[in-house]
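Novice: Enclosed is the structure file my_file.cif (mmCIF, C-alpha atoms and all ligand atoms).
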```cif
data_my_file
loop_
_atom_site.label_atom_id
_atom_site.label_comp_id
_atom_site.auth_asym_id
_atom_site.auth_seq_id
_atom_site.Cartn_x
_atom_site.Cartn_y
_atom_site.Cartn_z
CA MET S 294 0.00 0.00 0.00
CA LYS S 295 1.27 3.49 -0.85
CA ASN S 296 0.71 6.71 1.06
CA SER S 297 -0.55 9.93 -0.47
CA THR S 298 2.91 11.06 -1.63
CA ASP S 299 3.71 7.63 -3.10
CA THR S 300 6.77 7.28 -0.84
CA PRO S 301 7.06 4.23 1.40
CA ARG S 302 5.95 4.81 4.98
CA THR S 303 8.86 5.24 7.43
CA ASP S 304 8.96 2.25 9.74
CA ARG S 305 7.35 3.00 13.07
CA VAL S 306 9.28 1.83 16.12
CA LEU S 307 7.62 1.74 19.52
CA VAL S 308 10.22 1.98 22.30
CA THR S 309 8.73 0.88 25.60
CA GLY S 310 10.59 1.89 28.77
CA ALA S 311 11.78 4.90 26.78
CA THR S 312 12.11 7.09 29.88
CA GLY S 313 14.79 4.84 31.41
CA LEU S 314 18.56 4.65 31.15
CA VAL S 315 18.80 2.88 27.79
CA GLY S 316 15.75 4.63 26.33
CA CYS S 317 17.15 8.13 26.86
CA THR S 318 20.11 7.22 24.59
CA LEU S 319 18.25 4.93 22.20
CA VAL S 320 15.26 7.11 21.28
CA PRO S 321 17.31 10.03 19.86
CA HIS S 322 19.63 7.50 18.20
CA LEU S 323 16.74 5.81 16.37
CA ARG S 324 15.25 9.19 15.40
CA ARG S 325 18.59 10.26 13.93
CA ALA S 326 18.58 6.99 11.95
CA GLY S 327 15.30 8.12 10.37
CA TYR S 328 12.71 5.96 12.17
CA ASP S 329 9.30 7.19 13.22
CA VAL S 330 9.77 6.57 16.94
CA VAL S 331 6.96 6.48 19.46
CA ALA S 332 8.33 6.57 23.01
CA SER S 333 6.35 4.99 25.81
CA GLY S 334 6.80 5.01 29.57
CA ARG S 335 4.53 4.94 32.58
CA SER S 336 4.60 8.75 32.42
CA GLY S 337 6.40 11.55 30.62
CA ALA S 338 6.54 9.95 27.14
CA ASP S 339 4.54 10.10 23.88
CA VAL S 340 2.36 7.24 25.15
CA SER S 341 1.90 6.80 28.90
CA ILE S 342 0.92 3.29 29.84
CA ASP S 343 1.44 0.64 32.48
CA LEU S 344 2.29 -2.38 30.31
CA THR S 345 1.40 -4.85 33.06
CA LEU S 346 -2.26 -3.98 32.30
CA ARG S 347 -3.31 -6.32 29.50
CA VAL S 348 -6.33 -4.57 27.95
CA PRO S 349 -4.89 -1.00 27.99
CA THR S 350 -1.67 -2.44 26.50
CA LEU S 351 -3.51 -4.16 23.65
CA ARG S 352 -5.47 -0.96 22.99
CA ALA S 353 -2.38 1.24 23.00
CA LEU S 354 -0.59 -1.09 20.59
CA ASP S 355 -3.67 -1.09 18.33
CA GLU S 356 -3.42 2.71 18.20
CA VAL S 357 0.33 2.92 17.58
CA ARG S 358 0.49 -0.06 15.13
CA PRO S 359 4.31 -0.33 15.29
CA ASP S 360 6.39 -2.25 12.75
CA VAL S 361 8.93 -2.95 15.49
CA VAL S 362 8.63 -2.90 19.29
CA VAL S 363 11.86 -2.42 21.25
CA ASN S 364 10.97 -3.49 24.77
CA LEU S 365 13.12 -1.78 27.39
CA ALA S 366 10.35 -1.72 30.01
CA ALA S 367 11.50 -3.77 32.96
CA ASN S 368 11.86 -3.95 36.70
CA THR S 369 15.65 -3.46 36.77
CA SER S 370 16.37 -3.40 40.51
CA VAL S 371 18.24 -6.65 41.22
CA ASP S 372 17.69 -6.40 44.98
CA GLY S 373 14.12 -5.10 44.51
CA CYS S 374 13.27 -8.17 42.40
CA GLU S 375 14.68 -10.44 45.11
CA ARG S 376 12.55 -8.73 47.76
CA GLU S 377 9.39 -8.66 45.63
CA PRO S 378 9.32 -11.60 43.19
CA HIS S 379 5.74 -10.79 42.16
CA GLN S 380 6.84 -7.34 40.98
CA ALA S 381 9.74 -8.97 39.13
CA PHE S 382 7.26 -11.26 37.37
CA MET S 383 4.90 -8.40 36.50
CA GLY S 384 7.59 -6.08 35.13
CA ASN S 385 9.89 -8.58 33.45
CA VAL S 386 7.54 -11.35 32.30
CA HIS S 387 3.92 -10.18 32.19
CA VAL S 388 4.82 -7.01 30.26
CA VAL S 389 6.48 -9.17 27.58
CA GLU S 390 3.52 -11.59 27.54
CA ASN S 391 1.14 -8.67 26.86
CA ILE S 392 3.26 -7.29 24.01
CA ALA S 393 3.73 -10.79 22.54
CA GLU S 394 -0.01 -11.46 22.78
CA TRP S 395 -0.72 -8.33 20.72
CA ILE S 396 1.83 -9.31 18.09
CA ARG S 397 0.62 -12.91 17.89
CA SER S 398 -3.09 -12.11 17.75
CA ARG S 399 -3.22 -8.80 15.92
CA ALA S 400 0.04 -7.96 14.11
CA PRO S 401 2.15 -11.03 13.33
CA ALA S 402 4.38 -9.01 10.98
CA THR S 403 5.53 -6.80 13.86
CA HIS S 404 9.03 -7.64 15.08
CA LEU S 405 9.90 -7.63 18.79
CA ILE S 406 13.33 -6.68 20.10
CA GLN S 407 13.55 -7.80 23.70
CA ILE S 408 16.41 -6.49 25.83
CA SER S 409 17.69 -8.98 28.37
CA THR S 410 20.68 -9.23 30.66
CA ASP S 411 24.07 -10.84 31.28
CA GLN S 412 22.80 -11.65 34.81
CA VAL S 413 21.54 -14.97 33.38
CA TYR S 414 25.16 -16.21 33.35
CA ASP S 415 27.49 -17.46 36.09
CA GLY S 416 30.55 -19.68 36.29
CA PRO S 417 33.67 -19.13 34.20
CA GLY S 418 33.02 -16.99 31.08
CA PRO S 419 32.95 -15.77 28.39
CA HIS S 420 29.57 -17.41 28.01
CA PRO S 421 27.91 -18.38 24.74
CA GLU S 422 24.12 -18.04 24.70
CA GLY S 423 23.46 -21.68 25.67
CA THR S 424 25.03 -21.74 29.16
CA VAL S 425 22.44 -20.10 31.35
CA CYS S 426 22.94 -20.30 35.14
CA ILE S 427 20.37 -18.42 37.19
CA VAL S 428 21.41 -17.16 40.64
CA ASN S 429 18.81 -14.51 41.48
CA THR S 430 15.15 -13.59 40.93
CA TYR S 431 15.96 -10.73 38.55
CA ALA S 432 17.84 -13.15 36.25
CA PHE S 433 15.03 -15.70 36.59
CA SER S 434 12.38 -13.16 35.60
CA LYS S 435 14.44 -11.77 32.69
CA TYR S 436 15.01 -15.32 31.43
CA ALA S 437 11.27 -16.02 31.64
CA GLY S 438 10.73 -12.75 29.72
CA GLU S 439 13.00 -14.09 26.96
CA LEU S 440 10.83 -17.22 26.73
CA ALA S 441 7.70 -15.06 26.42
CA ALA S 442 9.38 -12.99 23.66
CA ALA S 443 10.42 -16.13 21.78
CA ASN S 444 6.73 -16.92 21.13
CA VAL S 445 6.76 -14.30 18.38
CA ASP S 446 9.20 -13.08 15.71
CA ALA S 447 11.83 -11.67 18.06
CA THR S 448 15.45 -10.62 18.43
CA ILE S 449 16.53 -11.11 22.04
CA LEU S 450 19.64 -9.21 23.08
CA ARG S 451 21.41 -10.06 26.35
CA THR S 452 23.59 -7.18 27.41
CA ASN S 453 25.21 -5.01 30.06
CA LEU S 454 26.14 -1.36 29.72
CA PHE S 455 27.95 1.70 31.03
CA GLY S 456 28.65 5.26 29.91
CA ARG S 457 27.24 8.72 30.44
CA SER S 458 23.58 8.54 31.36
CA ARG S 459 21.28 10.95 29.49
CA CYS S 460 18.53 10.09 31.94
CA ALA S 461 18.08 12.55 34.84
CA HIS S 462 17.10 9.95 37.42
CA ARG S 463 19.37 7.01 36.49
CA THR S 464 23.15 6.50 36.67
CA THR S 465 25.45 3.85 35.23
CA ILE S 466 28.38 2.17 36.98
CA SER S 467 30.78 4.54 35.18
CA ASP S 468 28.74 7.61 36.25
CA TRP S 469 29.01 6.38 39.84
CA ILE S 470 32.75 5.72 39.66
CA ALA S 471 33.61 8.97 37.82
CA ARG S 472 31.46 11.20 40.01
CA SER S 473 32.53 9.57 43.28
CA ILE S 474 36.24 9.76 42.70
CA SER S 475 36.12 13.22 41.17
CA ALA S 476 34.25 14.38 44.30
CA GLY S 477 36.95 12.81 46.49
CA ASP S 478 34.60 10.12 47.86
CA SER S 479 35.85 6.64 48.56
CA ILE S 480 34.24 3.66 46.80
CA THR S 481 34.59 -0.11 47.07
CA VAL S 482 34.75 -2.06 43.80
CA PHE S 483 34.57 -5.83 43.49
CA GLU S 484 37.47 -7.89 42.21
CA ASP S 485 35.36 -11.06 42.19
CA VAL S 486 32.73 -9.90 39.67
CA LEU S 487 33.66 -10.04 35.98
CA PHE S 488 31.66 -8.44 33.18
CA SER S 489 31.93 -7.26 29.58
CA PRO S 490 29.54 -4.31 29.15
CA VAL S 491 29.20 -2.14 26.05
CA SER S 492 28.82 1.63 26.10
CA LEU S 493 25.28 3.03 25.95
CA GLU S 494 26.18 4.40 22.52
CA GLY S 495 27.43 0.95 21.40
CA LEU S 496 24.24 -0.66 22.67
CA ALA S 497 22.10 1.93 20.87
CA GLN S 498 24.00 1.10 17.67
CA ALA S 499 23.45 -2.64 18.17
CA ILE S 500 19.73 -2.18 18.82
CA THR S 501 19.42 0.11 15.76
CA LEU S 502 21.09 -2.60 13.68
CA ALA S 503 18.60 -5.13 15.06
CA VAL S 504 15.71 -2.79 14.14
CA GLU S 505 17.11 -2.51 10.61
CA ARG S 506 17.80 -6.23 10.05
CA ARG S 507 15.11 -7.89 12.23
CA THR S 508 17.17 -11.08 12.40
CA PRO S 509 15.38 -13.39 14.82
CA GLY S 510 17.28 -15.21 17.55
CA LEU S 511 19.06 -14.86 20.87
CA PHE S 512 22.31 -12.88 20.96
CA ASN S 513 24.87 -11.60 23.46
CA VAL S 514 25.79 -7.94 22.97
CA GLY S 515 28.89 -7.10 24.97
CA ALA S 516 32.48 -5.95 24.64
CA ARG S 517 35.45 -8.19 23.92
CA GLU S 518 37.95 -8.88 26.69
CA GLY S 519 35.88 -8.24 29.78
CA MET S 520 37.39 -7.53 33.19
CA SER S 521 36.57 -7.37 36.89
CA LYS S 522 34.63 -4.38 38.20
CA ALA S 523 37.76 -3.40 40.15
CA GLU S 524 39.92 -3.42 36.99
CA PHE S 525 37.19 -1.47 35.23
CA ALA S 526 37.20 1.24 37.94
CA PHE S 527 40.99 1.64 37.76
CA ALA S 528 40.97 1.70 33.95
CA LEU S 529 38.21 4.33 33.89
CA ALA S 530 39.96 6.48 36.51
CA ALA S 531 43.30 6.24 34.68
CA THR S 532 41.73 7.20 31.35
CA LEU S 533 39.92 10.11 32.99
CA GLU S 534 43.23 11.08 34.65
CA LEU S 535 41.56 11.00 38.06
CA SER S 536 43.23 9.97 41.31
CA THR S 537 42.68 6.32 42.24
CA GLU S 538 43.30 7.04 45.94
CA GLY S 539 39.63 6.64 46.87
CA ILE S 540 39.17 3.30 45.11
CA ARG S 541 39.14 0.36 47.51
CA VAL S 542 39.20 -3.17 46.16
CA GLY S 543 36.81 -5.56 47.89
CA THR S 544 34.75 -8.67 47.22
CA THR S 545 31.04 -9.40 47.27
CA GLN S 546 31.70 -11.27 50.54
CA ASP S 547 32.53 -7.92 52.22
CA VAL S 548 29.04 -6.49 51.81
CA SER S 549 25.56 -7.77 52.49
CA LEU S 550 23.50 -7.73 49.31
CA VAL S 551 19.89 -8.87 49.20
CA ALA S 552 20.30 -10.81 45.94
CA ARG S 553 23.20 -13.08 45.10
CA ARG S 554 25.34 -11.72 42.25
CA PRO S 555 26.85 -13.84 39.48
CA SER S 556 30.66 -13.87 39.64
CA ASP S 557 31.39 -13.98 35.91
CA MET S 558 28.93 -12.47 33.46
CA ARG S 559 31.35 -12.05 30.54
CA MET S 560 29.65 -12.75 27.24
CA ASP S 561 30.88 -14.43 24.08
CA CYS S 562 29.44 -12.30 21.27
CA ALA S 563 30.53 -14.42 18.28
CA ARG S 564 26.93 -15.22 17.35
CA PHE S 565 25.94 -11.53 17.18
CA GLU S 566 29.12 -10.65 15.29
CA GLU S 567 28.49 -13.35 12.71
CA ALA S 568 24.77 -12.75 12.26
CA PHE S 569 25.07 -8.96 12.01
CA GLY S 570 28.48 -8.72 10.29
CA VAL S 571 30.09 -6.54 12.97
CA ARG S 572 33.05 -6.83 15.35
CA MET S 573 32.36 -5.86 18.94
CA PRO S 574 34.88 -3.42 20.46
CA ALA S 575 37.30 -4.32 23.28
CA LEU S 576 36.16 -3.07 26.69
CA ARG S 577 39.25 -0.83 26.98
CA ASP S 578 38.28 0.88 23.70
CA GLU S 579 34.73 1.37 24.97
CA ILE S 580 36.16 2.97 28.13
CA GLU S 581 38.19 5.39 25.96
CA ALA S 582 35.03 6.23 24.01
CA VAL S 583 32.92 7.04 27.08
CA VAL S 584 35.74 9.05 28.65
CA GLU S 585 35.66 11.38 25.64
CA GLU S 586 32.01 12.01 26.42
CA TYR S 587 32.65 12.60 30.13
CA VAL S 588 35.43 15.05 29.30
CA GLU S 589 33.15 16.88 26.84
CA HIS S 590 30.58 17.23 29.59
CA SER S 591 33.13 18.35 32.21
CA ILE S 592 33.27 15.78 34.98
CA PRO S 593 34.79 17.80 37.82
CA ARG S 594 38.29 16.69 38.80
CA ALA S 595 38.97 15.42 42.32
CA PRO S 596 40.98 17.75 44.52
CA GLY S 597 44.73 17.46 43.92
CA THR S 598 44.53 15.81 40.49
N1 LIG L 1 20.77 -0.72 33.30
C1 LIG L 1 21.58 -1.75 33.18
O1 LIG L 1 22.71 -1.76 33.69
C2 LIG L 1 21.14 -2.96 32.36
C3 LIG L 1 22.03 -4.00 32.22
C4 LIG L 1 21.65 -5.12 31.47
C5 LIG L 1 20.39 -5.18 30.90
N2 LIG L 1 19.52 -4.15 31.09
C6 LIG L 1 18.19 -4.26 30.48
O2 LIG L 1 17.99 -3.16 29.61
C7 LIG L 1 16.62 -2.78 29.60
C8 LIG L 1 16.50 -1.30 29.89
O3 LIG L 1 17.06 -1.07 31.17
P1 LIG L 1 17.20 0.40 31.78
O4 LIG L 1 18.41 0.39 32.64
O5 LIG L 1 17.01 1.43 30.74
O6 LIG L 1 15.95 0.39 32.76
P2 LIG L 1 15.41 1.57 33.69
O7 LIG L 1 16.31 2.77 33.62
O8 LIG L 1 15.11 0.98 35.02
O9 LIG L 1 14.05 1.98 32.96
C9 LIG L 1 13.02 1.06 32.88
C10 LIG L 1 11.93 1.67 32.04
O10 LIG L 1 10.83 0.77 32.03
C11 LIG L 1 9.65 1.46 32.39
N3 LIG L 1 8.73 0.56 33.04
C12 LIG L 1 8.97 -0.21 34.13
N4 LIG L 1 7.87 -0.91 34.44
C13 LIG L 1 6.92 -0.57 33.51
C14 LIG L 1 5.57 -0.92 33.31
N5 LIG L 1 4.95 -1.77 34.13
N6 LIG L 1 4.92 -0.37 32.28
C15 LIG L 1 5.51 0.50 31.45
N7 LIG L 1 6.79 0.90 31.59
C16 LIG L 1 7.48 0.37 32.63
C17 LIG L 1 10.15 2.56 33.30
O11 LIG L 1 9.17 3.56 33.42
P3 LIG L 1 9.12 4.50 34.73
O12 LIG L 1 10.09 5.61 34.42
O13 LIG L 1 7.74 4.91 34.82
O14 LIG L 1 9.57 3.65 35.90
C18 LIG L 1 11.40 3.00 32.54
O15 LIG L 1 11.05 3.80 31.43
C19 LIG L 1 15.93 -3.68 30.62
O16 LIG L 1 15.34 -4.76 29.97
C20 LIG L 1 17.07 -4.18 31.50
O17 LIG L 1 16.76 -5.44 32.05
C21 LIG L 1 19.86 -3.03 31.79
#
```
Let me see whether you can do it: turn the structure in this file into structure tokens.
Ligand SMILES: NC(=O)c1ccc[n+]([C@@H]2O[C@H](COP(=O)([O-])OP(=O)(O)OC[C@H]3O[C@@H](n4cnc5c(N)ncnc54)[C@H](OP(=O)(O)O)[C@@H]3O)[C@@H](O)[C@H]2O)c1
Specialist:
Amino acid sequence: MKNSTDTPRTDRVLVTGATGLVGCTLVPHLRRAGYDVVASGRSGADVSIDLTLRVPTLRALDEVRPDVVVNLAANTSVDGCEREPHQAFMGNVHVVENIAEWIRSRAPATHLIQISTDQVYDGPGPHPEGTVCIVNTYAFSKYAGELAAANVDATILRTNLFGRSRCAHRTTISDWIARSISAGDSITVFEDVLFSPVSLEGLAQAITLAVERRTPGLFNVGAREGMSKAEFAFALAATLELSTEGIRVGTTQDVSLVARRPSDMRMDCARFEEAFGVRMPALRDEIEAVVEEYVEHSIPRAPGT
């Protein structure tokens, strides 16, 4: 079908959870790439909706009629999910079930991009997609969300991220490290937790590629050559030319956390690289890239540096 000007309609992408950490980077990124983006959140977006409510969700999707849904809506508090498993289920599983029901019953050509997490891994990494090991309720609920997404035509991306947050009320691990040490505060970073996150910008690029290609399947999206959170903090501080005096190295045994944390979440991204024809960057290169952004936006230096 052609529109009145005989040009093909721009693909409409609904980004749910658009008001969160990833959404605040992704939405402008997708708009710059030329998509007709509809941003949804519980409030403060183009479409305000609680996606745990089935009928209002089906109605809202009927109105937007997206070609692609990027689902970022989630209950992302790891400890909160442990304390309130029902809320974890509602935010991380039921939301996906409602979106998948709409696609299955009313718009089977619509593609779903479901964002998941590296928390589904544990044991020595880097992990390919088949080696799931669930150690907390957040991971359990995100994994169940993947299963709900897999009922329709879906790209499921497991990831972790860092970089300069564009979201007023949310910070990343690198925001926390950079701001703490530049303010002269002392922080404890874990040497017994390994990860391989990508920058927010790198993740936005990967999601945009998934929107463009719509290749179905389950993929890890992370950096090459992951490291411990302690190594990450020192590498970030060194690249920012900040003092490392306030960085204390500890382990997860030193603190009492509500939810158990996986010890090694590093991801093997060969499947994503092959399917999408890209090479993921090394974590050190991603750190360099985010530091440029922090410097541009003037992270204050710690006293004496
Ligand atoms: N942040 C990370 O480090 C990280 C790491 C790995 C994977 N991920 C995954 O990446 C995705 C995005 O994470 P994020 O950090 O951007 O999350 P976030 O900052 O916590 O934002 C979550 C978004 O979801 C919305 N939302 C939550 N419950 C909803 C509901 N019932 N109905 C409608 N909207 C709802 C929130 O709206 P309100 O503003 O109204 O709360 C917010 O816009 C998630 O799937 C997460 O699991 C994140």
Novice: Interatomic distance between atom O13 of ligand LIG 1 (chain L) and atom CA of S:Val362?
Specialist: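 Computed distance, atom O13 of ligand LIG 1 (chain L) to atom CA of S:Val362, equals 17.4 Å.
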Novice: Excluding stretch 435-445 of chain S and any residue of its chain fewer than 6 positions from it, enumerate the residues within 9 Å of it, using all atoms listed in the file, and give them as an MDAnalysis selection string.
Specialist: chainID S and resid 367 381:382 385:390 392:394 396:397 401 403:410 412:413 425 427 509:511
Novice: Mind listing the residues within 6 Å of ligand LIG 1 (chain L), all atoms listed in the file counted, as a list in words?
Specialist: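 Protein and nucleic-acid residues within 6 Å of ligand LIG 1 (chain L): Gly310, Ala311, Thr312, Gly313, Leu314, Val315, Gly316, Gly334, Arg335, Ser336, Ile342, Asp343, Leu344, Thr345, Leu365, Ala366, Ala367, Asn368, Thr369, Gly384, Ile408, Ser409, Thr410, Thr452, Asn453, Leu454 and Arg463 of chain S.
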Novice: So that all listed atoms of stretch 365-381 of chain S fit with 6 Å spare on each side, what axis-aligned box centre and edge lengths in Å, to one decimal, would you give as lines of an AutoDock Vina configuration file?
Specialist:
```
center_x = 12.0
center_y = -6.7
center_z = 37.6
size_x = 24.5
size_y = 21.9
size_z = 32.4
```
Novice: Nearest to S:Ala497 among S:Asp411, S:Gly456, S:Arg553, S:Ser473, with distances taken over only C-alpha atoms: which residue is it?
Specialist: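 Between S:Asp411, S:Gly456, S:Arg553, S:Ser473, the residue approaching S:Ala497 most closely is S:Gly456.
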